[in-house]
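**Student:** work-v2.txt is the file, holding compact mmCIF, C-alpha atoms:
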# COMPACT_ATOMS: atom_id res chain seq x y z
CA MET H 1 113.11 57.37 97.76
CA ASN H 2 110.90 54.57 99.10
CA HIS H 3 109.59 55.19 102.62
CA SER H 4 107.68 51.93 102.94
CA VAL H 5 110.65 49.61 103.28
CA ALA H 6 109.98 47.30 106.21
CA LYS H 7 113.52 46.83 107.46
CA PRO H 8 114.84 49.78 109.48
CA ARG H 9 118.41 50.82 108.80
CA ARG H 10 120.92 53.47 109.92
CA GLY H 11 120.40 56.90 108.45
CA ARG H 12 116.87 56.00 107.48
CA PRO H 13 114.69 59.05 106.89
CA PRO H 14 111.49 59.58 108.91
CA LYS H 15 108.29 57.94 107.72
CA SER H 16 105.76 60.63 106.94
CA PRO H 17 106.14 63.63 104.62
CA ARG H 18 105.12 65.82 107.59
CA ASP H 19 108.14 64.62 109.60
CA ASP H 20 110.38 65.21 106.62
CA GLU H 21 109.31 68.83 106.44
CA ASP H 22 109.83 69.26 110.18
CA THR H 23 113.30 67.78 110.02
CA ARG H 24 114.20 69.84 107.01
CA ALA H 25 113.01 72.99 108.83
CA ALA H 26 114.94 71.98 111.97
CA LEU H 27 118.11 71.53 109.91
CA ILE H 28 117.64 74.96 108.36
CA ARG H 29 117.00 76.54 111.77
CA SER H 30 120.02 74.86 113.29
CA GLY H 31 122.15 75.75 110.28
CA THR H 32 121.07 79.39 110.60
CA GLU H 33 122.06 79.42 114.27
CA MET H 34 125.46 77.91 113.60
CA LEU H 35 126.17 80.04 110.54
CA THR H 36 125.31 83.28 112.32
CA GLU H 37 127.71 82.21 115.06
CA GLN H 38 130.63 80.93 113.04
CA GLY H 39 130.33 81.31 109.31
CA PHE H 40 130.27 78.47 106.82
CA ILE H 41 133.77 77.09 106.96
CA ALA H 42 133.83 76.46 110.71
CA SER H 43 130.23 75.12 110.79
CA GLY H 44 130.60 71.50 109.83
CA ILE H 45 127.50 69.84 108.43
CA ASP H 46 128.17 67.07 110.97
CA GLY H 47 127.65 69.40 113.92
CA ILE H 48 124.39 70.68 112.47
CA LEU H 49 123.07 67.14 111.90
CA LYS H 50 124.10 66.13 115.41
CA ARG H 51 122.31 69.14 116.91
CA VAL H 52 119.09 68.17 115.15
CA GLY H 53 119.58 64.46 115.87
CA VAL H 54 119.64 63.47 112.20
CA PRO H 55 121.92 60.54 111.31
CA LYS H 56 124.84 61.55 109.13
CA GLY H 57 123.79 59.37 106.22
CA SER H 58 120.42 61.13 105.91
CA PHE H 59 121.69 64.56 104.97
CA TYR H 60 121.37 64.05 101.23
CA TYR H 61 117.82 62.87 101.71
CA TYR H 62 116.89 66.39 102.83
CA PHE H 63 119.17 68.43 100.60
CA PRO H 64 120.70 67.59 97.23
CA SER H 65 124.06 69.12 98.23
CA LYS H 66 125.83 71.13 100.91
CA GLU H 67 125.64 74.15 98.62
CA ALA H 68 121.85 73.74 98.39
CA PHE H 69 121.65 73.48 102.18
CA GLY H 70 123.59 76.74 102.52
CA GLN H 71 121.21 78.34 100.05
CA ALA H 72 118.19 77.16 102.07
CA VAL H 73 119.74 78.68 105.21
CA MET H 74 120.38 81.95 103.39
CA ALA H 75 116.81 82.07 102.08
CA HIS H 76 115.50 81.42 105.61
CA TYR H 77 117.67 84.15 107.11
CA GLY H 78 116.87 86.54 104.26
CA ALA H 79 113.11 86.20 104.83
CA TYR H 80 113.50 86.61 108.59
CA PHE H 81 115.65 89.72 108.28
CA ALA H 82 113.56 91.37 105.56
CA SER H 83 110.43 90.99 107.67
CA LYS H 84 112.19 92.45 110.74
CA LEU H 85 113.42 95.35 108.66
CA ASP H 86 109.99 95.99 107.15
CA ARG H 87 108.30 95.89 110.53
CA HIS H 88 110.45 98.82 111.64
CA LEU H 89 110.85 100.81 108.43
CA SER H 90 107.10 100.75 107.71
CA ASN H 91 106.11 101.76 111.22
CA THR H 92 104.36 105.04 110.46
CA ARG H 93 103.87 105.77 114.17
CA LEU H 94 107.51 106.88 114.15
CA SER H 95 109.21 109.47 111.98
CA PRO H 96 111.30 107.86 109.22
CA LEU H 97 114.64 108.52 110.95
CA HIS H 98 113.31 107.24 114.28
CA ARG H 99 112.32 104.02 112.53
CA ILE H 100 115.99 103.45 111.71
CA GLU H 101 116.86 103.93 115.37
CA ALA H 102 114.11 101.50 116.37
CA PHE H 103 115.53 98.88 114.00
CA VAL H 104 119.00 99.35 115.48
CA ASP H 105 117.59 99.07 119.03
CA ASP H 106 115.91 95.81 118.08
CA ALA H 107 119.16 94.48 116.57
CA LYS H 108 121.10 95.53 119.67
CA GLN H 109 118.69 93.59 121.87
CA GLY H 110 119.06 90.55 119.63
CA MET H 111 122.84 90.69 119.90
CA ALA H 112 122.74 90.98 123.69
CA ARG H 113 120.11 88.20 123.98
CA HIS H 114 122.49 85.79 122.28
CA ASP H 115 125.41 86.99 124.39
CA PHE H 116 127.12 88.50 121.33
CA ARG H 117 127.82 85.04 119.97
CA ARG H 118 125.63 85.49 116.89
CA GLY H 119 126.28 88.05 114.22
CA CYS H 120 124.82 88.75 110.84
CA LEU H 121 124.79 85.83 108.40
CA VAL H 122 125.58 88.24 105.58
CA GLY H 123 128.63 89.58 107.41
CA ASN H 124 129.88 86.12 108.37
CA LEU H 125 129.57 84.71 104.86
CA GLY H 126 130.78 87.97 103.32
CA GLN H 127 134.00 87.68 105.26
CA GLU H 128 134.75 84.21 103.89
CA VAL H 129 133.30 84.75 100.42
CA GLY H 130 136.62 83.91 98.73
CA GLY H 131 136.22 80.30 99.80
CA LEU H 132 132.49 79.92 99.12
CA PRO H 133 130.50 78.96 95.98
CA GLU H 134 129.92 81.79 93.53
CA THR H 135 126.12 81.48 94.03
CA TYR H 136 126.67 82.58 97.65
CA ARG H 137 128.46 85.75 96.58
CA GLN H 138 125.54 86.47 94.26
CA TRP H 139 123.03 85.94 97.05
CA LEU H 140 124.98 88.16 99.46
CA ARG H 141 125.14 90.98 96.93
CA GLU H 142 121.45 90.70 96.08
CA THR H 143 120.46 90.60 99.74
CA LEU H 144 122.45 93.72 100.56
CA ALA H 145 121.00 95.46 97.49
CA ASP H 146 117.52 94.53 98.71
CA TRP H 147 118.13 95.93 102.23
CA GLN H 148 119.54 99.02 100.60
CA ARG H 149 116.38 99.58 98.53
CA ARG H 150 114.21 99.18 101.63
CA LEU H 151 116.29 101.67 103.60
CA ALA H 152 116.51 104.10 100.68
CA ARG H 153 112.69 104.23 100.60
CA CYS H 154 112.64 105.10 104.30
CA LEU H 155 115.27 107.81 103.78
CA GLU H 156 113.19 109.20 100.90
CA GLU H 157 110.26 109.44 103.28
CA ALA H 158 112.55 111.27 105.71
CA ARG H 159 113.46 113.68 102.91
CA GLU H 160 109.80 114.24 102.05
CA ALA H 161 109.00 114.78 105.74
CA GLY H 162 111.75 117.42 105.95
CA GLU H 163 114.00 115.34 108.22
CA LEU H 164 116.68 115.34 105.50
CA SER H 165 117.79 118.09 103.18
CA ARG H 166 116.16 118.15 99.73
CA ASP H 167 119.34 117.21 97.89
CA ALA H 168 120.08 114.13 100.05
CA ASP H 169 121.18 111.18 97.88
CA CYS H 170 119.08 108.52 99.62
CA GLY H 171 120.39 105.58 97.58
CA ARG H 172 123.99 106.39 98.42
CA LEU H 173 123.21 107.07 102.06
CA ALA H 174 121.41 103.73 102.32
CA GLU H 175 124.41 102.03 100.72
CA ALA H 176 126.71 103.63 103.29
CA PHE H 177 124.48 102.43 106.13
CA TRP H 178 124.80 98.75 105.28
CA ILE H 179 128.52 99.05 104.56
CA GLY H 180 129.08 100.37 108.08
CA TRP H 181 126.44 98.14 109.64
CA GLU H 182 128.36 94.92 109.02
CA GLY H 183 131.39 96.51 110.65
CA ALA H 184 129.29 97.52 113.66
CA VAL H 185 127.86 94.02 114.15
CA MET H 186 131.31 92.46 113.87
CA ARG H 187 132.74 94.92 116.38
CA ALA H 188 129.85 94.39 118.80
CA ARG H 189 130.72 90.69 118.88
CA LEU H 190 134.38 91.45 119.37
CA GLU H 191 133.70 93.86 122.25
CA ARG H 192 130.77 91.82 123.58
CA SER H 193 128.91 95.12 123.82
CA VAL H 194 126.23 97.07 121.95
CA ARG H 195 128.38 100.18 122.13
CA PRO H 196 129.84 99.84 118.59
CA MET H 197 126.30 99.69 117.17
CA GLU H 198 125.35 102.79 119.15
CA VAL H 199 128.46 104.71 118.09
CA PHE H 200 127.90 103.72 114.48
CA VAL H 201 124.23 104.72 114.28
CA ARG H 202 124.78 107.95 116.22
CA CYS H 203 127.60 108.99 113.88
CA TYR H 204 125.52 107.95 110.86
CA LEU H 205 122.39 109.85 111.90
CA ASP H 206 124.33 112.91 113.08
CA GLY H 207 126.13 112.99 109.74
CA LEU H 208 123.03 112.85 107.53
CA PRO H 209 122.46 116.03 105.49
CA ARG H 210 119.75 118.01 107.29
CA MET R 1 167.15 71.16 119.97
CA ASN R 2 170.41 69.64 118.71
CA HIS R 3 171.34 70.73 115.19
CA SER R 4 174.54 68.74 114.92
CA VAL R 5 172.95 65.29 114.63
CA ALA R 6 174.68 63.51 111.75
CA LYS R 7 171.75 61.50 110.47
CA PRO R 8 169.28 63.54 108.42
CA ARG R 9 165.61 62.92 109.12
CA ARG R 10 162.21 64.14 107.89
CA GLY R 11 161.14 67.46 109.28
CA ARG R 12 164.67 68.33 110.30
CA PRO R 13 165.11 72.06 110.86
CA PRO R 14 167.65 74.03 108.82
CA LYS R 15 171.26 74.12 110.02
CA SER R 16 172.22 77.71 110.76
CA PRO R 17 170.45 80.22 113.05
CA ARG R 18 170.33 82.59 110.06
CA ASP R 19 168.24 80.09 108.06
CA ASP R 20 166.00 79.56 111.04
CA GLU R 21 165.20 83.24 111.23
CA ASP R 22 164.56 83.38 107.48
CA THR R 23 162.22 80.41 107.64
CA ARG R 24 160.42 81.80 110.66
CA ALA R 25 159.95 85.11 108.83
CA ALA R 26 158.76 83.29 105.69
CA LEU R 27 156.20 81.38 107.75
CA ILE R 28 154.94 84.61 109.30
CA ARG R 29 154.74 86.29 105.86
CA SER R 30 152.92 83.35 104.35
CA GLY R 31 150.62 83.11 107.37
CA THR R 32 149.80 86.81 107.03
CA GLU R 33 148.91 86.34 103.36
CA MET R 34 146.67 83.39 104.04
CA LEU R 35 145.02 84.91 107.10
CA THR R 36 144.21 88.16 105.31
CA GLU R 37 142.62 86.06 102.57
CA GLN R 38 140.72 83.53 104.61
CA GLY R 39 140.77 84.01 108.33
CA PHE R 40 142.18 81.56 110.82
CA ILE R 41 139.80 78.65 110.66
CA ALA R 42 140.05 78.08 106.92
CA SER R 43 143.83 78.66 106.82
CA GLY R 44 145.28 75.31 107.81
CA ILE R 45 148.80 75.34 109.20
CA ASP R 46 149.55 72.60 106.67
CA GLY R 47 148.88 74.90 103.72
CA ILE R 48 151.12 77.59 105.17
CA LEU R 49 153.97 75.12 105.76
CA LYS R 50 153.58 73.76 102.24
CA ARG R 51 153.69 77.25 100.74
CA VAL R 52 156.99 77.96 102.50
CA GLY R 53 158.34 74.47 101.80
CA VAL R 54 158.75 73.57 105.45
CA PRO R 55 158.20 69.91 106.35
CA LYS R 56 155.14 69.39 108.53
CA GLY R 57 157.10 67.97 111.44
CA SER R 58 159.19 71.15 111.77
CA PHE R 59 156.41 73.55 112.69
CA TYR R 60 156.94 73.25 116.44
CA TYR R 61 160.61 73.95 115.95
CA TYR R 62 159.73 77.47 114.83
CA PHE R 63 156.74 78.15 117.07
CA PRO R 64 155.82 76.67 120.44
CA SER R 65 152.12 76.40 119.43
CA LYS R 66 149.61 77.30 116.74
CA GLU R 67 148.32 80.04 119.02
CA ALA R 68 151.83 81.51 119.26
CA PHE R 69 152.13 81.37 115.47
CA GLY R 70 148.85 83.29 115.12
CA GLN R 71 150.18 85.85 117.60
CA ALA R 72 153.39 86.27 115.58
CA VAL R 73 151.30 86.84 112.44
CA MET R 74 149.15 89.40 114.26
CA ALA R 75 152.22 91.24 115.57
CA HIS R 76 153.68 91.30 112.04
CA TYR R 77 150.46 92.63 110.54
CA GLY R 78 149.99 95.13 113.36
CA ALA R 79 153.46 96.64 112.81
CA TYR R 80 152.91 96.82 109.05
CA PHE R 81 149.52 98.50 109.36
CA ALA R 82 150.56 100.96 112.08
CA SER R 83 153.48 102.11 109.95
CA LYS R 84 151.22 102.56 106.89
CA LEU R 85 148.73 104.50 108.97
CA ASP R 86 151.42 106.73 110.47
CA ARG R 87 152.95 107.44 107.09
CA HIS R 88 149.65 108.98 105.99
CA LEU R 89 148.34 110.52 109.19
CA SER R 90 151.64 112.28 109.91
CA ASN R 91 152.03 113.65 106.39
CA THR R 92 151.97 117.36 107.16
CA ARG R 93 152.05 118.22 103.45
CA LEU R 94 148.31 117.44 103.45
CA SER R 95 145.56 118.89 105.62
CA PRO R 96 144.51 116.46 108.39
CA LEU R 97 141.28 115.41 106.65
CA HIS R 98 143.08 114.95 103.33
CA ARG R 99 145.50 112.61 105.08
CA ILE R 100 142.57 110.32 105.91
CA GLU R 101 141.57 110.32 102.25
CA ALA R 102 145.15 109.52 101.25
CA PHE R 103 145.19 106.55 103.63
CA VAL R 104 141.92 105.28 102.14
CA ASP R 105 143.28 105.71 98.59
CA ASP R 106 146.34 103.68 99.55
CA ALA R 107 144.15 100.94 101.05
CA LYS R 108 141.94 100.92 97.94
CA GLN R 109 145.00 100.39 95.75
CA GLY R 110 146.14 97.56 98.00
CA MET R 111 142.75 95.84 97.73
CA ALA R 112 142.71 96.14 93.94
CA ARG R 113 146.35 95.00 93.64
CA HIS R 114 145.46 91.72 95.35
CA ASP R 115 142.33 91.35 93.25
CA PHE R 116 140.08 91.83 96.30
CA ARG R 117 141.17 88.47 97.67
CA ARG R 118 142.86 89.93 100.73
CA GLY R 119 141.04 91.86 103.41
CA CYS R 120 142.00 93.18 106.81
CA LEU R 121 143.43 90.65 109.24
CA VAL R 122 141.56 92.37 112.06
CA GLY R 123 138.25 92.05 110.21
CA ASN R 124 138.85 88.43 109.27
CA LEU R 125 139.78 87.36 112.77
CA GLY R 126 137.15 89.62 114.31
CA GLN R 127 134.47 87.78 112.37
CA GLU R 128 135.49 84.41 113.75
CA VAL R 129 136.49 85.60 117.21
CA GLY R 130 134.01 83.25 118.90
CA GLY R 131 136.11 80.27 117.81
CA LEU R 132 139.54 81.76 118.52
CA PRO R 133 141.73 81.89 121.65
CA GLU R 134 140.88 84.66 124.11
CA THR R 135 144.36 86.21 123.61
CA TYR R 136 143.34 86.91 119.98
CA ARG R 137 140.23 88.83 121.05
CA GLN R 138 142.45 90.87 123.36
CA TRP R 139 144.91 91.62 120.56
CA LEU R 140 142.12 92.61 118.16
CA ARG R 141 140.61 95.01 120.70
CA GLU R 142 143.98 96.55 121.55
CA THR R 143 144.89 96.93 117.89
CA LEU R 144 141.63 98.70 117.06
CA ALA R 145 142.06 100.93 120.13
CA ASP R 146 145.57 101.80 118.91
CA TRP R 147 144.34 102.71 115.39
CA GLN R 148 141.61 104.74 117.03
CA ARG R 149 144.08 106.76 119.10
CA ARG R 150 146.19 107.47 116.00
CA LEU R 151 143.16 108.63 114.01
CA ALA R 152 141.79 110.67 116.93
CA ARG R 153 145.06 112.63 117.01
CA CYS R 154 144.69 113.41 113.31
CA LEU R 155 141.07 114.51 113.83
CA GLU R 156 142.21 116.73 116.71
CA GLU R 157 144.66 118.36 114.32
CA ALA R 158 141.77 118.84 111.89
CA ARG R 159 139.79 120.52 114.68
CA GLU R 160 142.74 122.79 115.54
CA ALA R 161 143.15 123.64 111.86
CA GLY R 162 139.49 124.61 111.64
CA GLU R 163 138.53 121.69 109.37
CA LEU R 164 136.19 120.40 112.09
CA SER R 165 133.88 122.27 114.41
CA ARG R 166 135.28 123.11 117.84
CA ASP R 167 132.93 120.75 119.70
CA ALA R 168 133.77 117.69 117.54
CA ASP R 169 134.25 114.57 119.71
CA CYS R 170 137.38 113.28 117.99
CA GLY R 171 137.67 110.07 120.02
CA ARG R 172 134.12 109.04 119.20
CA LEU R 173 134.48 110.00 115.54
CA ALA R 174 137.69 107.95 115.29
CA GLU R 175 135.89 105.01 116.90
CA ALA R 176 133.10 105.29 114.32
CA PHE R 177 135.64 105.32 111.48
CA TRP R 178 137.14 101.94 112.35
CA ILE R 179 133.75 100.41 113.06
CA GLY R 180 132.62 101.29 109.54
CA TRP R 181 136.01 100.61 107.99
CA GLU R 182 135.89 96.86 108.62
CA GLY R 183 132.47 96.78 106.98
CA ALA R 184 133.81 98.68 103.97
CA VAL R 185 136.76 96.31 103.47
CA MET R 186 134.49 93.28 103.75
CA ARG R 187 132.05 94.74 101.25
CA ALA R 188 134.84 95.66 98.82
CA ARG R 189 135.89 92.01 98.75
CA LEU R 190 132.31 90.91 98.25
CA GLU R 191 131.73 93.34 95.38
CA ARG R 192 135.29 92.98 94.07
CA SER R 193 135.32 96.76 93.81
CA VAL R 194 136.72 99.76 95.67
CA ARG R 195 133.32 101.45 95.49
CA PRO R 196 132.21 100.44 99.03
CA MET R 197 135.38 102.03 100.45
CA GLU R 198 134.70 105.20 98.46
CA VAL R 199 131.05 105.35 99.53
CA PHE R 200 132.02 104.77 103.15
CA VAL R 201 134.74 107.43 103.34
CA ARG R 202 132.70 109.99 101.39
CA CYS R 203 129.72 109.54 103.73
CA TYR R 204 132.03 109.64 106.76
CA LEU R 205 133.87 112.81 105.72
CA ASP R 206 130.68 114.55 104.53
CA GLY R 207 129.05 113.74 107.86
CA LEU R 208 131.83 115.14 110.08
CA PRO R 209 130.79 118.19 112.10
CA ARG R 210 132.22 121.25 110.32
What does this structure look like when you write it as C-alpha cells?
**Tutor:**
Amino acid sequence: MNHSVAKPRRGRPPKSPRDDEDTRAALIRSGTEMLTEQGFIASGIDGILKRVGVPKGSFYYYFPSKEAFGQAVMAHYGAYFASKLDRHLSNTRLSPLHRIEAFVDDAKQGMARHDFRRGCLVGNLGQEVGGLPETYRQWLRETLADWQRRLARCLEEAREAGELSRDADCGRLAEAFWIGWEGAVMRARLERSVRPMEVFVRCYLDGLPR
Amino acid sequence: MNHSVAKPRRGRPPKSPRDDEDTRAALIRSGTEMLTEQGFIASGIDGILKRVGVPKGSFYYYFPSKEAFGQAVMAHYGAYFASKLDRHLSNTRLSPLHRIEAFVDDAKQGMARHDFRRGCLVGNLGQEVGGLPETYRQWLRETLADWQRRLARCLEEAREAGELSRDADCGRLAEAFWIGWEGAVMRARLERSVRPMEVFVRCYLDGLPR
C-alpha cells in the first residue's frame, strides 16, 4: 500500500510505519477489552474501530481478515495471561500451594477492578466456539493445555515439598483446576462478586490429596 | 387480536387456540435448542421463527417481547433440568454420592448425543450476561441457587449415611459443584469430549471430606 499519495481520502491509513504499529496495537488492546467483556459474536468490529478512532475502511489495512484480527487478540491475551501466571507460580517466596492462592487473589482483584464486566477471553470464546473459526478452537485448546502444564509443574513442586501426597496425579489435578476455573470466572461475573472464585479455590485446595 | 378476518395476510396467526399453543410450544422448543447451542446474542429470533415455519410478522402474536420469549425459554429449560436433577438425586436405589455420578453420566450422554454442540443454557446466558436484560441475570442466579439447594440436600443425605464427614459444609460444597460444572460443560464442548466432565466430577468427589 502506498503511503505517499498526496490526496487525503476517507479511511486513509496513518502516514508513518510507527503510527501504523501504534494503531494496530490499539486495535488489539481495544479488541481484547471488548472480547473479554462480550465474546466474539457480540463484539462487532465496527465498535472496536470506533473506540480506537480508526475509520471503518481502514480495518483491512491493519489486518488481512477478521479471523486474523481475532487471532492477534488471542495471542495478545495469551502472552499477558501466561506472564501473570508465571509471575505467581514461579514466586519461590511462597510455598507452591500458596502461589496458586496468590494467583487467584490477583485474578479476583482484576475482576473487581473492572466491575465484573470482564471475564476470561478463553471462557468467553470457549462458550461460543460452535460459531467460531476452527483455528480459534485449536488456539483455545492449546492455551488451556499450556496453562495446565504450568500449573502441573507448580503442583509437582508442591508434591516434592510435601504439601501434596506422593501419589498425587498433578497433571489431572491441574486439568481439573482450569475446568473449574472458567466456571468460577463466569459465575463471578453473574453474581458480580468474587465469592464464586473463593468458594471454588477453597474447595479445590481443601480437596487436594495431602 | 381478531382471528375471524376473512382476508388472509402475511404473518397471520393460526386459526384455532389449539394451534396457537402448539406453535408457541414449538417456538419455545426451538428457542431452547438454539440457545443451548449458541447463547442469546448469536441466536437471532429470525432463525428460530424460520426453523418453526412461523412468518416473521407473527412473533409478537405469540410473545409480547423478545425478552418475554427468552424468559419462556428459560422457564422451559429450568423445568426440564430440575426434573432431570430430581430424578437422579431422589433415586434412593443408589447411595447419595452415587446419585451425583448418575446425574453426571446422564449429562455426559446428553452432550455426546448432540455431538457436543449443545451446552447448558445457564452457562451460555451466564457468559453473555453483561449484554442481557437484568431479569435474565436474576433468573440465572435463582436457577443456580435452586440447583444448589437440591444438591445440598443430597449431600446432607450423604453426610447422614456416613459417606461424608460429619463436619462437611454441604451448602458450600453444593455451591462449588455448580461453579465447576459450568466450566466442565463449556470445556466438554470445546474438546468435543466427555473427558472434562469426568475429570471434574472425579476431582470433586475425590476431594469431598470423608
**Student:** List the spatial neighbours of segment 39-43 of chain R as JSON, numbers by chain - criterion: any atom at most 12 Å away, all atoms listed in the file, same-chain residues fewer than 4 positions off excluded.
**Tutor:** {"H": [38, 39, 40, 41, 42, 43, 44, 124, 125, 126, 127, 128, 129, 130, 131, 132], "R": [30, 31, 32, 33, 34, 35, 47, 48, 49, 50, 51, 66, 67, 69, 70, 71, 73, 74, 117, 118, 119, 120, 121, 122, 123, 124, 125, 126, 127, 128, 129, 130, 131, 132, 133, 136]}
**Student:** Taking every listed atom of segment 85-88 of chain H and adding 5 Å to each side, what centre and edge lengths in Å (one decimal) does the axis-aligned box have, as JSON?
**Tutor:**
{"center_x": 110.9, "center_y": 97.1, "center_z": 109.4, "size_x": 15.1, "size_y": 13.5, "size_z": 14.5}
**Student:** Kindly give the distance, in Å, that separates atom CA of Leu27 of chain R and atom CA of Lys56 of chain R, rounded to a single decimal.
**Tutor:**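 Value for the atom CA of Leu27 of chain R-atom CA of Lys56 of chain R distance: 12.1 Å.
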**Student:** Any idea what the distance is between atom CA of Ile179 of chain H and atom CA of Ser95 of chain H?
**Tutor:**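 Value for the atom CA of Ile179 of chain H-atom CA of Ser95 of chain H distance: 23.2 Å.
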**Student:** Give me, please, the distance in Å between atom CA of Ala145 of chain R and atom CA of Ala82 of chain R, quoted to one decimal.
**Tutor:**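 Separation of atom CA of Ala145 of chain R and atom CA of Ala82 of chain R: 11.7 Å.
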**Student:** For Arg195 of chain R, which residue out of R:Phe116, R:Phe103, R:Phe63, R:Phe81 is the nearest one, using all atoms listed in the file?
**Tutor:** R:Phe116
**Student:** Smallest atom-to-atom distance to Gln109 of chain R: which of R:Ala25, R:Arg137, R:Ala158, R:Ala188, using all atoms listed in the file?
**Tutor:**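 Among the listed residues, the smallest separation from Gln109 of chain R belongs to R:Ala188.
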